[in-house]
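Working notes, structure below.
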Amino acid sequence: MNTVVQVGGEFGEAAEKPRSVPFHFAMQALRWGVPVILLGFIGHQLASIGWLEIWRAKPTALSFYLLVLVPFFIQPVADLLIYRNLWKVEKALPLSIFLRKRYLNAMVLDYSGEAYFYFWAQHRLSLEKTALLHAIKDSNILSAGAGLAMVWLVLLLLSASGGITLPTFFSTHLWTSIAIASLPLMFCLILVFGGRKVTTLNRQQIASTFTIHLLRSAIALVLQFGIWWLSGALPTAIACFYFVALRLLISRLPLLPNKDLLFVGTGIAAASFLTLSTEAVAAVLMITIAVDQLLGFLLVGMPWLLGRFSFSRTQNHENASAVR
């Protein structure tokens, strides 16, 4: 049975194959079960630390609270630059659409924002479906490659500084580990050398898209380091770098909803393992996730709901007028 897909007040129709009950149940379990489990785990961690102690350990520097606002906008701005460059459109691509895309990817499931963006662009832009699909697909491949390159850079820096030691398994199976971990970069090379057989992008577009994703990843890392450094929760730059690397690694986990919650739980556990101040680390983690959620609600969720409500009222008024 075909269904009509309506996404956030913007319309697009797509033939959707019937999904089996087990698949639908599994997706709902993943969407709601994982966050519930993480919230329970984090709640237990915070209660064991002590809510009053966490409140007392919160950062006091104003610069911390100003800087913590910035990361929310990094990816939407990068996506705006990328797709305006690929599709040669300006006003037709507002920043609000990329804020929605980020919000859906973070709050619902990885790539749900990409699906929304595809249907929105299909409805609003005068471009072929093939061009839309390839641009979105290839941008995500290049993003994965740039993210992986940044992971390798961070791991190399930590290893060179003596911050980490590669496990025996990776030392023994070094080339196998490198080959498996480098799959996203291999897909990027396929785009470069495959040409028109695998993509509609030319090499200049591929290079510019990869560069923007790489710069976006680098800026995000610098901002995260700055947030930890200004928070005063960690004693050294190496400790700050640990948590930056941890966040980066968690962000690369595929198809996992609410990665911010996973980072909070893992970060508190890491602070305890490294004998750092769990109160101060927990305070920073809670503030950063709260700011991200608040910005998402104020800048995306609330305007989106108001827009849908206004659209529904307009439709009802028009229907009532037609009946008269």
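If you're wondering about the labels, chains in the structure tokens are A, B, ... by order shown, residues count from 1 in each chain, ligands from 1 in order shown.
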
Near-stretch 187-192 of chain A list (8 Å; only C-alpha atoms; drop same-chain fewer than 3 positions) as a list in words: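 With the cut-off at 8 Å, the set is Asp138, Ile141, Leu142, Gly145, Leu183, Pro184, Gly195, Val198, Thr199, Arg203 and Ile206 of chain A.
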
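The protein and nucleic acid residues lying at most 8 Å from stretch 217-232 of chain A are Pro59, Thr60, Ala61, Ser63, Phe64, Leu67, Val68, Val70, Pro71, Ile74, Ala146, Gly147, Met150, His213, Leu214, Pro235, Ala237, Cys240, Phe241, Val244, Leu248 and Val284 of chain A, with only C-alpha atoms considered and sequence neighbours fewer than 3 positions away removed.
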
Take the residues that were just selected and, keeping all heavy atoms, output them as a compact mmCIF listing (two decimals), in the first residue's frame.
```
# COMPACT_ATOMS: atom_id res chain seq x y z
N PRO A 59 30.61 25.48 35.95
CA PRO A 59 31.59 26.50 35.53
C PRO A 59 31.11 27.90 35.89
O PRO A 59 29.90 28.18 35.93
CB PRO A 59 31.66 26.32 34.02
CG PRO A 59 31.19 24.93 33.77
CD PRO A 59 30.17 24.64 34.82
N THR A 60 32.07 28.79 36.15
CA THR A 60 31.74 30.17 36.51
C THR A 60 32.14 31.17 35.43
O THR A 60 31.71 32.32 35.48
CB THR A 60 32.43 30.54 37.83
OG1 THR A 60 33.85 30.35 37.69
CG2 THR A 60 31.92 29.68 38.98
N ALA A 61 32.95 30.75 34.46
CA ALA A 61 33.44 31.68 33.43
C ALA A 61 32.34 32.02 32.43
O ALA A 61 31.71 31.12 31.87
CB ALA A 61 34.64 31.07 32.72
N SER A 63 32.79 33.23 29.53
CA SER A 63 33.24 32.80 28.20
C SER A 63 32.81 31.37 27.90
O SER A 63 32.54 31.02 26.74
CB SER A 63 34.77 32.93 28.10
OG SER A 63 35.40 32.24 29.18
N PHE A 64 32.75 30.53 28.93
CA PHE A 64 32.28 29.16 28.74
C PHE A 64 30.84 29.15 28.25
O PHE A 64 30.50 28.45 27.29
CB PHE A 64 32.39 28.38 30.06
CG PHE A 64 31.60 27.09 30.07
CD1 PHE A 64 32.13 25.94 29.51
CD2 PHE A 64 30.33 27.03 30.65
CE1 PHE A 64 31.41 24.75 29.50
CE2 PHE A 64 29.61 25.85 30.66
CZ PHE A 64 30.14 24.71 30.09
N LEU A 67 30.62 30.38 24.62
CA LEU A 67 31.18 29.46 23.63
C LEU A 67 30.31 28.22 23.45
O LEU A 67 30.23 27.66 22.35
CB LEU A 67 32.59 29.03 24.04
CG LEU A 67 33.41 28.29 22.98
CD1 LEU A 67 33.61 29.15 21.74
CD2 LEU A 67 34.77 27.87 23.54
N VAL A 68 29.62 27.79 24.51
CA VAL A 68 28.83 26.57 24.44
C VAL A 68 27.63 26.72 23.50
O VAL A 68 27.02 25.73 23.08
CB VAL A 68 28.38 26.16 25.87
CG1 VAL A 68 27.14 26.93 26.29
CG2 VAL A 68 28.12 24.67 25.94
N VAL A 70 27.85 28.02 20.44
CA VAL A 70 28.30 28.05 19.05
C VAL A 70 28.20 26.70 18.32
O VAL A 70 27.78 26.66 17.16
CB VAL A 70 29.74 28.60 18.97
CG1 VAL A 70 30.22 28.66 17.52
CG2 VAL A 70 29.80 29.99 19.61
N PRO A 71 28.59 25.56 18.94
CA PRO A 71 28.61 24.29 18.18
C PRO A 71 27.29 23.91 17.54
O PRO A 71 27.28 23.21 16.51
CB PRO A 71 29.02 23.26 19.25
CG PRO A 71 29.81 24.03 20.24
CD PRO A 71 29.15 25.37 20.30
N ILE A 74 27.33 24.92 13.80
CA ILE A 74 28.44 24.60 12.90
C ILE A 74 27.99 23.74 11.72
O ILE A 74 28.24 24.07 10.55
CB ILE A 74 29.57 23.89 13.67
CG1 ILE A 74 30.14 24.84 14.73
CG2 ILE A 74 30.68 23.45 12.72
CD1 ILE A 74 30.72 26.11 14.18
N ALA A 146 35.57 12.71 5.91
CA ALA A 146 36.23 13.82 6.63
C ALA A 146 36.23 13.55 8.14
O ALA A 146 37.22 13.82 8.82
CB ALA A 146 35.51 15.12 6.31
N GLY A 147 35.11 13.03 8.65
CA GLY A 147 35.04 12.70 10.07
C GLY A 147 36.05 11.64 10.45
O GLY A 147 36.68 11.72 11.51
N MET A 150 39.48 13.03 10.66
CA MET A 150 39.68 13.75 11.91
C MET A 150 39.87 12.78 13.08
O MET A 150 40.66 13.05 13.99
CB MET A 150 38.47 14.66 12.17
CG MET A 150 38.74 15.80 13.10
SD MET A 150 40.12 16.87 12.60
CE MET A 150 39.58 17.40 10.98
N HIS A 213 33.50 19.90 4.82
CA HIS A 213 33.24 18.93 5.89
C HIS A 213 34.46 18.80 6.81
O HIS A 213 34.32 18.70 8.04
CB HIS A 213 32.89 17.57 5.31
CG HIS A 213 31.48 17.45 4.85
ND1 HIS A 213 30.40 17.71 5.66
CD2 HIS A 213 30.94 17.09 3.64
CE1 HIS A 213 29.27 17.51 5.01
NE2 HIS A 213 29.57 17.14 3.79
N LEU A 214 35.66 18.81 6.22
CA LEU A 214 36.87 18.67 7.02
C LEU A 214 37.07 19.90 7.91
O LEU A 214 37.40 19.76 9.11
CB LEU A 214 38.08 18.48 6.10
CG LEU A 214 39.39 18.01 6.76
CD1 LEU A 214 39.21 16.62 7.35
CD2 LEU A 214 40.52 18.02 5.74
N PRO A 235 41.94 19.25 34.56
CA PRO A 235 43.18 19.88 35.05
C PRO A 235 44.20 20.19 33.95
O PRO A 235 45.03 21.09 34.13
CB PRO A 235 43.74 18.84 36.03
CG PRO A 235 43.20 17.53 35.53
CD PRO A 235 41.86 17.83 34.95
N ALA A 237 45.43 20.11 29.48
CA ALA A 237 45.00 20.13 28.08
C ALA A 237 44.82 18.71 27.55
O ALA A 237 43.91 18.46 26.74
CB ALA A 237 46.03 20.88 27.22
N CYS A 240 41.47 17.50 28.54
CA CYS A 240 40.45 18.11 27.66
C CYS A 240 40.40 17.38 26.32
O CYS A 240 39.32 17.12 25.78
CB CYS A 240 40.77 19.59 27.43
SG CYS A 240 40.65 20.63 28.90
N PHE A 241 41.57 17.04 25.82
CA PHE A 241 41.66 16.36 24.53
C PHE A 241 41.04 14.96 24.61
O PHE A 241 40.47 14.47 23.63
CB PHE A 241 43.12 16.28 24.09
CG PHE A 241 43.29 16.27 22.60
CD1 PHE A 241 42.60 17.17 21.79
CD2 PHE A 241 44.15 15.36 22.00
CE1 PHE A 241 42.76 17.16 20.42
CE2 PHE A 241 44.31 15.34 20.62
CZ PHE A 241 43.61 16.24 19.83
N VAL A 244 37.37 15.47 24.15
CA VAL A 244 37.10 15.85 22.75
C VAL A 244 37.14 14.61 21.87
O VAL A 244 36.26 14.41 21.01
CB VAL A 244 38.13 16.89 22.28
CG1 VAL A 244 38.00 17.12 20.77
CG2 VAL A 244 37.95 18.21 23.02
N LEU A 248 34.09 12.78 19.74
CA LEU A 248 34.26 12.54 18.30
C LEU A 248 33.99 11.07 17.96
O LEU A 248 33.28 10.77 16.99
CB LEU A 248 35.67 12.93 17.87
CG LEU A 248 36.02 12.69 16.40
CD1 LEU A 248 35.12 13.51 15.49
CD2 LEU A 248 37.49 13.03 16.15
N VAL A 284 29.46 20.08 33.45
CA VAL A 284 29.72 20.54 32.08
C VAL A 284 28.90 19.75 31.07
O VAL A 284 28.30 20.32 30.14
CB VAL A 284 31.23 20.42 31.75
CG1 VAL A 284 31.49 20.75 30.28
CG2 VAL A 284 32.05 21.33 32.65
```

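Using only C-alpha atoms, the protein and nucleic acid residues lying no more than 9 Å from A:Leu246, apart from those fewer than 4 places from it along its own chain, are Phe241, Tyr242, Ile250, Ser251, Phe263, Thr266 and Gly267 of chain A.
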
Which of A:Leu285, A:Val300, A:Thr275, A:Trp51 sits closest to A:Leu262 [using only C-alpha atoms]: A:Leu285

Near stretch 123-134 of chain A, counting only C-alpha atoms, which residues have an atom at most 10 Å away, once you skip same-chain residues fewer than 5 positions from it, shown as a list in words? Glu10, Phe11, Gly12, Glu13, Tyr83, Leu86, Trp87, Val89, Ala92, Leu93, Glu114, Ala115, Phe117, Tyr118, Ser139, Asn140, Val198, Thr199, Thr200 and Leu201 of chain A

Could those selected residues go to a file with N, CA and C atoms, as a CSV table (one decimal), in the first residue's frame?
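File selection.csv, as written:
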```csv
chain,number,residue,atom,x,y,z
A,10,GLU,N,5.9,20.6,5.4
A,10,GLU,CA,6.3,20.7,4.0
A,10,GLU,C,5.9,19.4,3.3
A,11,PHE,N,5.5,19.5,2.0
A,11,PHE,CA,4.9,18.3,1.5
A,11,PHE,C,5.7,17.6,0.4
A,12,GLY,N,5.7,16.3,0.4
A,12,GLY,CA,6.3,15.5,-0.6
A,12,GLY,C,5.7,14.2,-0.6
A,13,GLU,N,5.5,13.6,-1.8
A,13,GLU,CA,4.8,12.3,-1.9
A,13,GLU,C,5.9,11.3,-2.3
A,83,TYR,N,25.5,22.9,0.0
A,83,TYR,CA,24.4,22.7,-1.0
A,83,TYR,C,24.1,23.9,-1.8
A,86,LEU,N,26.7,23.3,-4.5
A,86,LEU,CA,26.4,22.2,-5.4
A,86,LEU,C,25.2,22.5,-6.3
A,87,TRP,N,24.2,23.1,-5.8
A,87,TRP,CA,23.0,23.4,-6.6
A,87,TRP,C,22.8,24.8,-7.1
A,89,VAL,N,22.1,27.6,-5.8
A,89,VAL,CA,20.9,28.3,-5.4
A,89,VAL,C,21.3,29.2,-4.2
A,92,ALA,N,16.8,30.2,-2.1
A,92,ALA,CA,15.9,29.0,-2.1
A,92,ALA,C,16.3,28.0,-1.0
A,93,LEU,N,17.5,28.2,-0.4
A,93,LEU,CA,18.0,27.3,0.7
A,93,LEU,C,18.2,28.1,1.9
A,114,GLU,N,18.2,13.7,6.7
A,114,GLU,CA,18.6,13.7,5.3
A,114,GLU,C,17.3,13.3,4.5
A,115,ALA,N,16.5,12.4,5.0
A,115,ALA,CA,15.2,12.0,4.3
A,115,ALA,C,14.3,13.2,4.2
A,117,PHE,N,15.2,16.4,4.3
A,117,PHE,CA,15.7,17.4,3.4
A,117,PHE,C,15.5,17.0,2.0
A,118,TYR,N,15.6,15.7,1.7
A,118,TYR,CA,15.4,15.3,0.3
A,118,TYR,C,14.0,15.6,-0.2
A,139,SER,N,27.4,13.9,-0.3
A,139,SER,CA,27.8,14.8,0.8
A,139,SER,C,27.9,14.0,2.1
A,140,ASN,N,27.0,13.0,2.3
A,140,ASN,CA,27.1,12.2,3.5
A,140,ASN,C,28.3,11.3,3.5
A,198,VAL,N,29.3,6.8,-10.8
A,198,VAL,CA,28.8,6.6,-9.4
A,198,VAL,C,28.3,7.9,-8.8
A,199,THR,N,28.5,9.1,-9.5
A,199,THR,CA,28.1,10.3,-8.9
A,199,THR,C,27.8,11.4,-10.0
A,200,THR,N,27.0,12.4,-9.7
A,200,THR,CA,26.7,13.5,-10.6
A,200,THR,C,27.6,14.7,-10.3
A,201,LEU,N,28.4,14.5,-9.2
A,201,LEU,CA,29.3,15.6,-8.9
A,201,LEU,C,30.6,15.5,-9.6
```

In Å and to one decimal, atom CA of A:Ser143 is distant from atom CA of A:Ala270 by 27.4 Å

Using only C-alpha atoms, which protein or nucleic acid residues come within 9 Å of A:Ala280? Drop anything in the same chain fewer than 6 positions from it, and give the result as a PyMOL selection string. chain A and resi 53-59+231-234

Create the file for the chosen residues now, containing N, CA, C and O atoms and written as a CSV table (one decimal), in the first residue's frame.
```
chain,number,residue,atom,x,y,z
A,53,GLU,N,26.1,18.7,44.7
A,53,GLU,CA,27.5,18.8,44.4
A,53,GLU,C,27.7,19.2,42.9
A,53,GLU,O,28.7,19.9,42.6
A,54,ILE,N,26.9,18.6,42.0
A,54,ILE,CA,27.0,19.0,40.6
A,54,ILE,C,26.7,20.4,40.4
A,54,ILE,O,27.4,21.1,39.7
A,55,TRP,N,25.7,21.0,41.1
A,55,TRP,CA,25.3,22.4,40.9
A,55,TRP,C,26.5,23.3,41.4
A,55,TRP,O,26.8,24.3,40.8
A,56,ARG,N,27.1,22.9,42.5
A,56,ARG,CA,28.2,23.7,43.1
A,56,ARG,C,29.4,23.7,42.2
A,56,ARG,O,30.2,24.6,42.2
A,57,ALA,N,29.6,22.6,41.4
A,57,ALA,CA,30.8,22.4,40.6
A,57,ALA,C,30.6,23.0,39.2
A,57,ALA,O,31.5,22.9,38.4
A,58,LYS,N,29.5,23.7,38.9
A,58,LYS,CA,29.2,24.2,37.6
A,58,LYS,C,30.3,25.3,37.2
A,58,LYS,O,30.8,26.0,38.1
A,59,PRO,N,30.6,25.5,35.9
A,59,PRO,CA,31.6,26.5,35.5
A,59,PRO,C,31.1,27.9,35.9
A,59,PRO,O,29.9,28.2,35.9
A,231,SER,N,35.8,25.6,30.9
A,231,SER,CA,35.0,25.2,32.0
A,231,SER,C,35.7,25.0,33.3
A,231,SER,O,35.1,25.1,34.4
A,232,GLY,N,37.0,24.8,33.3
A,232,GLY,CA,37.8,24.5,34.5
A,232,GLY,C,37.6,23.2,35.1
A,232,GLY,O,38.1,22.9,36.2
A,233,ALA,N,36.8,22.3,34.4
A,233,ALA,CA,36.5,21.0,35.0
A,233,ALA,C,37.7,20.0,34.9
A,233,ALA,O,37.7,19.1,35.7
A,234,LEU,N,38.6,20.3,34.0
A,234,LEU,CA,39.7,19.3,33.7
A,234,LEU,C,41.0,20.0,34.0
A,234,LEU,O,41.2,21.2,33.7
```

Looking only at alpha helix (DSSP H) from DSSP on the backbone, list the matching residues of stretch 49-295 of chain A as number ranges by chain. A: 49, 51-56, 62-67, 71-87, 95-107, 112-124, 129-160, 168-172, 174-181, 183-194, 203-231, 237-251, 259-273, 278-295

Quote the spacing between atom CA of A:Gln204 and atom CA of A:Ala149 in Å to one decimal place.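 Pair atom CA of A:Gln204 / atom CA of A:Ala149 returns 19.4 Å.
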